[in-house]
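Source file: upload_8.cif. Holds: mmCIF, C-alpha atoms, pLDDT in the B column; chains and numbers go by the auth columns.
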data_run
loop_
_atom_site.group_PDB
_atom_site.id
_atom_site.type_symbol
_atom_site.label_atom_id
_atom_site.label_comp_id
_atom_site.label_asym_id
_atom_site.label_seq_id
_atom_site.Cartn_x
_atom_site.Cartn_y
_atom_site.Cartn_z
_atom_site.B_iso_or_equiv
_atom_site.auth_seq_id
_atom_site.auth_asym_id
ATOM 1 C CA ASN A 1 -15.147 -15.373 -24.122 64.00 240 A
ATOM 2 C CA ALA A 2 -17.155 -16.255 -21.023 76.00 241 A
ATOM 3 C CA GLY A 3 -14.136 -16.326 -18.664 93.00 242 A
ATOM 4 C CA VAL A 4 -15.173 -17.286 -15.120 95.00 243 A
ATOM 5 C CA THR A 5 -18.900 -17.860 -14.630 96.00 244 A
ATOM 6 C CA GLN A 6 -20.497 -18.035 -11.197 96.00 245 A
ATOM 7 C CA THR A 7 -24.051 -19.112 -10.423 96.00 246 A
ATOM 8 C CA PRO A 8 -26.294 -18.107 -8.807 96.00 247 A
ATOM 9 C CA LYS A 9 -25.788 -14.331 -8.546 95.00 248 A
ATOM 10 C CA PHE A 10 -27.921 -14.098 -5.396 96.00 249 A
ATOM 11 C CA GLN A 11 -29.060 -16.665 -2.847 96.00 250 A
ATOM 12 C CA VAL A 12 -30.926 -16.562 0.449 97.00 251 A
ATOM 13 C CA LEU A 13 -30.682 -19.567 2.765 97.00 252 A
ATOM 14 C CA LYS A 14 -32.057 -20.442 6.161 97.00 253 A
ATOM 15 C CA THR A 15 -29.679 -21.567 8.890 97.00 254 A
ATOM 16 C CA GLY A 16 -28.885 -25.251 8.477 97.00 255 A
ATOM 17 C CA GLN A 17 -29.692 -25.487 4.779 97.00 256 A
ATOM 18 C CA SER A 18 -27.119 -26.698 2.309 96.00 257 A
ATOM 19 C CA MET A 19 -26.261 -25.444 -1.144 96.00 258 A
ATOM 20 C CA THR A 20 -23.576 -25.448 -3.809 97.00 259 A
ATOM 21 C CA LEU A 21 -22.092 -22.362 -5.420 98.00 260 A
ATOM 22 C CA GLN A 22 -21.083 -23.136 -8.967 98.00 261 A
ATOM 23 C CA CYS A 23 -17.945 -21.902 -10.715 98.00 262 A
ATOM 24 C CA ALA A 24 -16.870 -22.703 -14.245 97.00 263 A
ATOM 25 C CA GLN A 25 -14.046 -21.366 -16.403 97.00 264 A
ATOM 26 C CA ASP A 26 -13.441 -21.859 -20.118 96.00 265 A
ATOM 27 C CA MET A 27 -9.795 -20.775 -20.261 95.00 266 A
ATOM 28 C CA ASN A 28 -8.259 -24.175 -19.445 95.00 267 A
ATOM 29 C CA HIS A 29 -6.709 -22.739 -16.279 95.00 268 A
ATOM 30 C CA GLU A 30 -5.156 -25.179 -13.825 93.00 269 A
ATOM 31 C CA TYR A 31 -5.417 -22.939 -10.772 93.00 270 A
ATOM 32 C CA MET A 32 -8.803 -22.117 -9.257 95.00 271 A
ATOM 33 C CA SER A 33 -9.785 -20.625 -5.926 95.00 272 A
ATOM 34 C CA TRP A 34 -12.673 -19.384 -3.826 97.00 273 A
ATOM 35 C CA TYR A 35 -12.658 -16.149 -1.817 96.00 274 A
ATOM 36 C CA ARG A 36 -15.184 -14.496 0.427 96.00 275 A
ATOM 37 C CA GLN A 37 -15.483 -10.722 0.671 94.00 276 A
ATOM 38 C CA ASP A 38 -16.744 -9.092 3.842 93.00 277 A
ATOM 39 C CA PRO A 39 -16.990 -5.350 4.542 86.00 278 A
ATOM 40 C CA GLY A 40 -13.726 -3.871 5.791 82.00 279 A
ATOM 41 C CA MET A 41 -11.859 -7.178 5.478 83.00 280 A
ATOM 42 C CA GLY A 42 -10.824 -7.452 1.844 86.00 281 A
ATOM 43 C CA LEU A 43 -10.955 -10.907 0.272 92.00 282 A
ATOM 44 C CA ARG A 44 -10.011 -14.046 2.168 93.00 283 A
ATOM 45 C CA LEU A 45 -9.070 -17.364 0.601 93.00 284 A
ATOM 46 C CA ILE A 46 -11.410 -20.263 1.413 96.00 285 A
ATOM 47 C CA HIS A 47 -10.122 -23.174 -0.701 96.00 286 A
ATOM 48 C CA TYR A 48 -7.983 -23.559 -3.765 93.00 287 A
ATOM 49 C CA SER A 49 -7.027 -26.114 -6.382 93.00 288 A
ATOM 50 C CA VAL A 50 -3.865 -26.501 -8.480 91.00 289 A
ATOM 51 C CA GLY A 51 -5.436 -28.984 -10.874 92.00 290 A
ATOM 52 C CA ALA A 52 -8.131 -31.606 -11.318 92.00 291 A
ATOM 53 C CA GLY A 53 -8.248 -33.892 -8.292 93.00 292 A
ATOM 54 C CA ILE A 54 -6.110 -31.587 -6.117 93.00 293 A
ATOM 55 C CA THR A 55 -7.569 -29.210 -3.537 94.00 294 A
ATOM 56 C CA ASP A 56 -6.322 -27.581 -0.365 92.00 295 A
ATOM 57 C CA GLN A 57 -7.500 -25.278 2.387 93.00 296 A
ATOM 58 C CA GLY A 58 -7.005 -21.556 2.439 91.00 297 A
ATOM 59 C CA GLU A 59 -7.298 -19.033 5.216 90.00 298 A
ATOM 60 C CA VAL A 60 -10.969 -19.599 6.211 95.00 299 A
ATOM 61 C CA PRO A 61 -12.001 -23.143 5.156 96.00 300 A
ATOM 62 C CA ASN A 62 -14.318 -24.113 8.031 96.00 301 A
ATOM 63 C CA GLY A 63 -17.887 -24.798 6.949 96.00 302 A
ATOM 64 C CA TYR A 64 -16.994 -25.209 3.270 97.00 303 A
ATOM 65 C CA ASN A 65 -16.115 -28.179 1.058 97.00 304 A
ATOM 66 C CA VAL A 66 -14.746 -28.241 -2.475 97.00 305 A
ATOM 67 C CA SER A 67 -13.925 -30.793 -5.146 96.00 306 A
ATOM 68 C CA ARG A 68 -12.273 -30.558 -8.560 97.00 307 A
ATOM 69 C CA SER A 69 -13.316 -33.407 -10.799 96.00 308 A
ATOM 70 C CA THR A 70 -12.667 -31.475 -14.030 96.00 309 A
ATOM 71 C CA THR A 71 -10.378 -28.630 -15.053 96.00 310 A
ATOM 72 C CA GLU A 72 -13.366 -26.415 -15.829 97.00 311 A
ATOM 73 C CA ASP A 73 -15.460 -26.681 -12.653 97.00 312 A
ATOM 74 C CA PHE A 74 -14.755 -25.877 -9.014 98.00 313 A
ATOM 75 C CA PRO A 75 -17.964 -25.925 -6.916 98.00 314 A
ATOM 76 C CA LEU A 76 -18.092 -24.675 -3.335 98.00 315 A
ATOM 77 C CA ARG A 77 -20.421 -26.515 -0.949 98.00 316 A
ATOM 78 C CA LEU A 78 -21.975 -25.231 2.228 96.00 317 A
ATOM 79 C CA LEU A 79 -23.176 -28.291 4.143 92.00 318 A
ATOM 80 C CA SER A 80 -25.031 -26.473 6.937 96.00 319 A
ATOM 81 C CA ALA A 81 -25.303 -22.734 6.384 96.00 320 A
ATOM 82 C CA ALA A 82 -24.720 -20.335 9.273 97.00 321 A
ATOM 83 C CA PRO A 83 -25.384 -16.575 9.481 97.00 322 A
ATOM 84 C CA SER A 84 -21.600 -16.048 9.690 96.00 323 A
ATOM 85 C CA GLN A 85 -21.409 -17.282 6.101 97.00 324 A
ATOM 86 C CA THR A 86 -23.387 -14.304 4.842 97.00 325 A
ATOM 87 C CA SER A 87 -20.926 -12.780 2.387 97.00 326 A
ATOM 88 C CA VAL A 88 -20.073 -12.219 -1.245 95.00 327 A
ATOM 89 C CA TYR A 89 -18.228 -15.167 -2.743 97.00 328 A
ATOM 90 C CA PHE A 90 -15.795 -14.904 -5.641 95.00 329 A
ATOM 91 C CA CYS A 91 -14.314 -17.656 -7.726 96.00 330 A
ATOM 92 C CA ALA A 92 -11.033 -17.011 -9.539 95.00 331 A
ATOM 93 C CA SER A 93 -8.776 -18.864 -11.946 95.00 332 A
ATOM 94 C CA SER A 94 -5.280 -18.412 -13.311 91.00 333 A
ATOM 95 C CA SER A 95 -3.008 -20.152 -15.784 90.00 334 A
ATOM 96 C CA GLY A 96 0.050 -20.295 -13.589 81.00 335 A
ATOM 97 C CA VAL A 97 1.680 -19.500 -10.290 73.00 336 A
ATOM 98 C CA ASN A 98 2.583 -15.897 -11.142 73.00 337 A
ATOM 99 C CA SER A 99 -0.245 -15.264 -13.579 81.00 338 A
ATOM 100 C CA PRO A 100 -3.019 -12.770 -12.851 84.00 339 A
ATOM 101 C CA LEU A 101 -6.291 -14.011 -11.413 89.00 340 A
ATOM 102 C CA HIS A 102 -9.472 -13.868 -13.470 92.00 341 A
ATOM 103 C CA PHE A 103 -12.489 -13.332 -11.223 93.00 342 A
ATOM 104 C CA GLY A 104 -16.131 -14.170 -11.655 94.00 343 A
ATOM 105 C CA ASN A 105 -18.776 -11.548 -10.872 92.00 344 A
ATOM 106 C CA GLY A 106 -19.564 -13.032 -7.478 94.00 345 A
ATOM 107 C CA THR A 107 -22.427 -14.678 -5.608 96.00 346 A
ATOM 108 C CA ARG A 108 -24.122 -12.676 -2.873 95.00 347 A
ATOM 109 C CA LEU A 109 -25.254 -15.094 -0.159 97.00 348 A
ATOM 110 C CA THR A 110 -27.495 -14.219 2.776 97.00 349 A
ATOM 111 C CA VAL A 111 -28.104 -16.722 5.582 97.00 350 A
ATOM 112 C CA THR A 112 -30.999 -15.905 7.902 96.00 351 A
ATOM 113 C CA ALA B 1 3.998 -13.145 7.612 74.00 208 B
ATOM 114 C CA GLN B 2 3.160 -11.191 4.514 81.00 209 B
ATOM 115 C CA SER B 3 0.523 -8.481 4.793 88.00 210 B
ATOM 116 C CA VAL B 4 -0.585 -5.207 3.258 93.00 211 B
ATOM 117 C CA THR B 5 -2.064 -2.115 4.865 95.00 212 B
ATOM 118 C CA GLN B 6 -4.145 0.309 2.860 96.00 213 B
ATOM 119 C CA LEU B 7 -3.895 3.576 4.675 95.00 214 B
ATOM 120 C CA ASP B 8 -7.174 5.137 3.536 95.00 215 B
ATOM 121 C CA SER B 9 -10.591 3.494 3.469 94.00 216 B
ATOM 122 C CA HIS B 10 -11.989 6.287 1.271 96.00 217 B
ATOM 123 C CA VAL B 11 -10.353 8.817 -1.073 98.00 218 B
ATOM 124 C CA SER B 12 -12.310 11.607 -2.746 98.00 219 B
ATOM 125 C CA VAL B 13 -11.000 13.537 -5.751 97.00 220 B
ATOM 126 C CA SER B 14 -12.400 15.805 -8.426 97.00 221 B
ATOM 127 C CA GLU B 15 -12.378 14.741 -12.053 97.00 222 B
ATOM 128 C CA GLY B 16 -9.117 15.790 -13.705 97.00 223 B
ATOM 129 C CA THR B 17 -7.087 15.892 -10.464 98.00 224 B
ATOM 130 C CA PRO B 18 -4.381 13.402 -9.443 98.00 225 B
ATOM 131 C CA VAL B 19 -5.146 10.170 -7.629 98.00 226 B
ATOM 132 C CA LEU B 20 -2.991 8.690 -4.842 98.00 227 B
ATOM 133 C CA LEU B 21 -3.988 5.448 -3.126 98.00 228 B
ATOM 134 C CA ARG B 22 -1.541 4.374 -0.432 98.00 229 B
ATOM 135 C CA CYS B 23 -0.369 0.876 0.399 97.00 230 B
ATOM 136 C CA ASN B 24 2.343 -0.376 2.746 96.00 231 B
ATOM 137 C CA TYR B 25 3.445 -3.996 2.744 93.00 232 B
ATOM 138 C CA SER B 26 5.151 -6.350 5.116 90.00 233 B
ATOM 139 C CA SER B 27 7.158 -9.229 3.722 80.00 234 B
ATOM 140 C CA SER B 28 10.089 -11.302 4.881 73.00 235 B
ATOM 141 C CA TYR B 29 11.390 -11.592 1.315 75.00 236 B
ATOM 142 C CA SER B 30 11.120 -9.743 -1.966 75.00 237 B
ATOM 143 C CA PRO B 31 7.386 -9.716 -2.563 81.00 238 B
ATOM 144 C CA SER B 32 5.132 -9.831 -5.580 87.00 239 B
ATOM 145 C CA LEU B 33 2.625 -7.003 -5.270 91.00 240 B
ATOM 146 C CA PHE B 34 -0.553 -6.252 -7.168 93.00 241 B
ATOM 147 C CA TRP B 35 -3.306 -3.696 -7.440 96.00 242 B
ATOM 148 C CA TYR B 36 -6.799 -4.924 -8.314 95.00 243 B
ATOM 149 C CA VAL B 37 -9.876 -2.796 -9.030 96.00 244 B
ATOM 150 C CA GLN B 38 -13.491 -3.739 -8.333 93.00 245 B
ATOM 151 C CA HIS B 39 -16.343 -1.853 -9.935 92.00 246 B
ATOM 152 C CA PRO B 40 -19.802 -2.118 -8.324 87.00 247 B
ATOM 153 C CA ASN B 41 -21.323 -5.596 -8.519 80.00 248 B
ATOM 154 C CA LYS B 42 -18.372 -6.894 -10.504 84.00 249 B
ATOM 155 C CA GLY B 43 -15.440 -9.188 -9.896 85.00 250 B
ATOM 156 C CA LEU B 44 -11.927 -7.898 -9.444 90.00 251 B
ATOM 157 C CA GLN B 45 -9.696 -6.920 -12.346 92.00 252 B
ATOM 158 C CA LEU B 46 -5.905 -6.729 -12.320 93.00 253 B
ATOM 159 C CA LEU B 47 -4.582 -3.173 -12.718 95.00 254 B
ATOM 160 C CA LEU B 48 -0.862 -3.904 -12.460 94.00 255 B
ATOM 161 C CA LYS B 49 1.700 -6.121 -10.797 91.00 256 B
ATOM 162 C CA TYR B 50 5.248 -5.834 -9.476 90.00 257 B
ATOM 163 C CA THR B 51 7.524 -8.863 -9.594 81.00 258 B
ATOM 164 C CA SER B 52 11.019 -7.453 -8.893 75.00 259 B
ATOM 165 C CA ALA B 53 11.736 -6.058 -12.365 73.00 260 B
ATOM 166 C CA ALA B 54 11.330 -2.282 -12.801 82.00 261 B
ATOM 167 C CA THR B 55 10.314 -0.456 -9.630 88.00 262 B
ATOM 168 C CA LEU B 56 7.884 1.780 -11.542 94.00 263 B
ATOM 169 C CA VAL B 57 5.076 -0.359 -12.871 94.00 264 B
ATOM 170 C CA LYS B 58 2.596 0.853 -15.466 95.00 265 B
ATOM 171 C CA GLY B 59 -0.870 -0.630 -15.551 94.00 266 B
ATOM 172 C CA ILE B 60 -4.097 -0.271 -17.421 94.00 267 B
ATOM 173 C CA ASN B 61 -6.217 2.890 -17.694 94.00 268 B
ATOM 174 C CA GLY B 62 -3.288 5.217 -16.965 96.00 269 B
ATOM 175 C CA PHE B 63 -2.532 3.899 -13.474 97.00 270 B
ATOM 176 C CA GLU B 64 0.973 3.255 -12.233 97.00 271 B
ATOM 177 C CA ALA B 65 2.619 2.230 -8.968 97.00 272 B
ATOM 178 C CA GLU B 66 6.109 2.601 -7.572 94.00 273 B
ATOM 179 C CA PHE B 67 7.773 -0.059 -5.439 93.00 274 B
ATOM 180 C CA LYS B 68 9.858 1.586 -2.706 93.00 275 B
ATOM 181 C CA LYS B 69 11.713 -1.002 -0.649 89.00 276 B
ATOM 182 C CA SER B 70 13.128 1.550 1.796 90.00 277 B
ATOM 183 C CA GLU B 71 9.611 2.719 2.641 92.00 278 B
ATOM 184 C CA THR B 72 7.926 -0.700 2.180 92.00 279 B
ATOM 185 C CA SER B 73 5.345 1.073 0.052 95.00 280 B
ATOM 186 C CA PHE B 74 3.545 0.385 -3.222 96.00 281 B
ATOM 187 C CA HIS B 75 1.330 3.432 -3.772 97.00 282 B
ATOM 188 C CA LEU B 76 -1.018 3.627 -6.754 98.00 283 B
ATOM 189 C CA THR B 77 -1.202 6.869 -8.732 98.00 284 B
ATOM 190 C CA LYS B 78 -2.911 8.373 -11.748 98.00 285 B
ATOM 191 C CA PRO B 79 -2.224 11.882 -13.067 97.00 286 B
ATOM 192 C CA SER B 80 -5.829 12.764 -13.881 97.00 287 B
ATOM 193 C CA ALA B 81 -8.924 11.068 -12.481 97.00 288 B
ATOM 194 C CA HIS B 82 -11.854 10.132 -14.664 97.00 289 B
ATOM 195 C CA MET B 83 -15.411 9.514 -13.527 96.00 290 B
ATOM 196 C CA SER B 84 -15.070 5.884 -14.610 95.00 291 B
ATOM 197 C CA ASP B 85 -12.229 5.405 -12.074 97.00 292 B
ATOM 198 C CA ALA B 86 -14.735 5.442 -9.219 97.00 293 B
ATOM 199 C CA ALA B 87 -14.395 1.949 -7.733 96.00 294 B
ATOM 200 C CA GLU B 88 -12.795 0.020 -4.896 95.00 295 B
ATOM 201 C CA TYR B 89 -9.080 -0.679 -5.138 97.00 296 B
ATOM 202 C CA PHE B 90 -7.224 -3.497 -3.419 96.00 297 B
ATOM 203 C CA CYS B 91 -3.508 -3.753 -2.749 96.00 298 B
ATOM 204 C CA VAL B 92 -2.406 -7.391 -2.690 93.00 299 B
ATOM 205 C CA VAL B 93 0.747 -9.301 -1.748 90.00 300 B
ATOM 206 C CA SER B 94 1.397 -12.855 -2.860 85.00 301 B
ATOM 207 C CA VAL B 95 2.548 -15.683 -0.618 75.00 302 B
ATOM 208 C CA MET B 96 3.983 -18.788 -2.195 69.00 303 B
ATOM 209 C CA ASN B 97 2.843 -21.933 -0.428 63.00 304 B
ATOM 210 C CA THR B 98 3.207 -25.489 -1.716 62.00 305 B
ATOM 211 C CA GLY B 99 3.205 -24.365 -5.331 67.00 306 B
ATOM 212 C CA PHE B 100 0.158 -22.121 -5.078 74.00 307 B
ATOM 213 C CA GLN B 101 0.297 -18.340 -5.105 75.00 308 B
ATOM 214 C CA LYS B 102 -1.931 -17.302 -2.221 82.00 309 B
ATOM 215 C CA LEU B 103 -2.968 -13.681 -2.329 86.00 310 B
ATOM 216 C CA VAL B 104 -3.318 -11.597 0.828 88.00 311 B
ATOM 217 C CA PHE B 105 -5.655 -8.668 0.222 92.00 312 B
ATOM 218 C CA GLY B 106 -5.710 -5.294 1.862 94.00 313 B
ATOM 219 C CA THR B 107 -9.011 -4.014 3.205 94.00 314 B
ATOM 220 C CA GLY B 108 -9.607 -1.824 0.167 95.00 315 B
ATOM 221 C CA THR B 109 -9.801 1.893 -0.661 96.00 316 B
ATOM 222 C CA ARG B 110 -12.974 3.275 -2.157 96.00 317 B
ATOM 223 C CA LEU B 111 -12.217 6.005 -4.697 97.00 318 B
ATOM 224 C CA LEU B 112 -14.919 8.621 -5.160 97.00 319 B
ATOM 225 C CA VAL B 113 -14.670 10.944 -8.178 97.00 320 B
ATOM 226 C CA SER B 114 -16.797 14.077 -8.307 97.00 321 B
ATOM 227 C CA PRO B 115 -17.518 16.144 -11.418 95.00 322 B
#
Encoding of this model in structure tokens:
Amino acid sequence: NAGVTQTPKFQVLKTGQSMTLQCAQDMNHEYMSWYRQDPGMGLRLIHYSVGAGITDQGEVPNGYNVSRSTTEDFPLRLLSAAPSQTSVYFCASSSGVNSPLHFGNGTRLTVT
Amino acid sequence: AQSVTQLDSHVSVSEGTPVLLRCNYSSSYSPSLFWYVQHPNKGLQLLLKYTSAATLVKGINGFEAEFKKSETSFHLTKPSAHMSDAAEYFCVVSVMNTGFQKLVFGTGTRLLVSP
């Protein structure tokens, strides 16, 4: 089972560039979410989705967009990258409200 | 607001000795609490969760945690550390909001295990 797959694993961007972080899951999970992990701060929720066509903002949504056109995919878009977005990004999915999260292996993003 | 505080940023133990990772929570109602583990360059994996059933929760790889309401604590323990336990551990509290379980993460405790 592939589980949650994130691509790319590493990415370097220049300030102002745009890119999309991909996330796909093959477990037919309704709930998907994006977190960023910064040293000494744990993980913080960026955006989440409770099903295809439904998304909402998390704790730190500024500078990021998401969409959920299918159950499987939940891409995260950076429209104009800033150095403050240098971080490790994790995508997660779950089958229900109280179900455990399944995490991808992360994307390490550096913005110069 | 719900939050968790992990009291140690680093814990060092010798292989075969007990592990104690401390977590205090703040919640205005009976919380759901979790411990996740992150090995280097990997995503997070659920170790165990508490959802108001038994106060002593057993997880994977010999870990367990005890929910103590009077102390607002949810400490993670293991009787005997193994080298493979070296990782970062996160205490997490859940916050229900418009039908989605938002997780609030602690800042993490890095467990170092020496031979």
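Close to (-10.4, -25.7, -15.0), meaning no more than 8 Å away when counting only C-alpha atoms, sit the residues Ala263, Gln264, Asp265, Met266, Asn267, His268, Glu269, Tyr270, Met271, Gly290, Ala291, Thr309, Thr310, Glu311, Asp312, Phe313 and Ser332 of chain A.
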**Report entry** Residues in the PyMOL selection byres ((chain A) within 12 of (chain B)), expressed as JSON, numbers by chain
**Finding:** {"A": [242, 243, 244, 245, 248, 249, 269, 270, 271, 272, 273, 274, 275, 276, 277, 278, 279, 280, 281, 282, 283, 284, 285, 286, 287, 288, 289, 290, 293, 294, 295, 296, 297, 298, 327, 328, 329, 330, 331, 332, 333, 334, 335, 336, 337, 338, 339, 340, 341, 342, 343, 344, 345, 346, 347]}
Requested in this report: Give as a ChimeraX atom specification the residues that the PyMOL selection byres ((chain B and resi 226-237) around 6) matches when applied to the coordinates above.
Outcome: /B:209-214,225,238,279-285
Query - Atomic separation - atom CA of B:Val244 relative to atom CA of A:Gln261, Å - result: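 We find that atom CA of A:Gln261 and atom CA of B:Val244 lie 23.2 Å from each other.
With all atoms listed in the file as the basis for measurement, A:Ser306 is the residue among A:Ser319, A:Ser306, A:Thr351, A:Asn301 that approaches A:Cys262 most closely.
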Query - Selection near A:Tyr303, 7 Å with all atoms listed in the file, sequence-local residues under 4 positions removed, as a ChimeraX atom specification - result: /A:315-318
Those residues you just picked out, can you put them in a file as a short mmCIF file (atom, residue, chain, number, x, y, z; two decimals), keeping the file's coordinate frame with C-alpha atoms?
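What follows is the written file out.cif:
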data_model
loop_
_atom_site.label_atom_id
_atom_site.label_comp_id
_atom_site.auth_asym_id
_atom_site.auth_seq_id
_atom_site.Cartn_x
_atom_site.Cartn_y
_atom_site.Cartn_z
CA LEU A 315 -18.09 -24.68 -3.34
CA ARG A 316 -20.42 -26.52 -0.95
CA LEU A 317 -21.98 -25.23 2.23
CA LEU A 318 -23.18 -28.29 4.14
#
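The space between atom CA of A:Gln250 and atom CA of A:Val350 spans 8.5 Å.
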Requested in this report: Just the residues within 12 Å of B:Ser321, please, counting all atoms listed in the file, with nothing from its chain fewer than 4 positions along; format it as a VMD selection string.
Outcome: chain B and resid 218 to 224 288 to 293
Requested in this report: Just give me the gap between atom CA of A:Ala321 and atom CA of A:Pro247 in Å, one decimal is fine.
Outcome: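 Interatomic distance, atom CA of A:Ala321 to atom CA of A:Pro247: 18.3 Å.
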Ground truth for the PyMOL selection byres ((chain A and resi 255) around 6), written as a CSV table (one decimal) with C-alpha atoms, in the frame of the given file:
chain,number,residue,atom,x,y,z
A,254,THR,CA,-29.7,-21.6,8.9
A,256,GLN,CA,-29.7,-25.5,4.8
A,319,SER,CA,-25.0,-26.5,6.9
A,320,ALA,CA,-25.3,-22.7,6.4
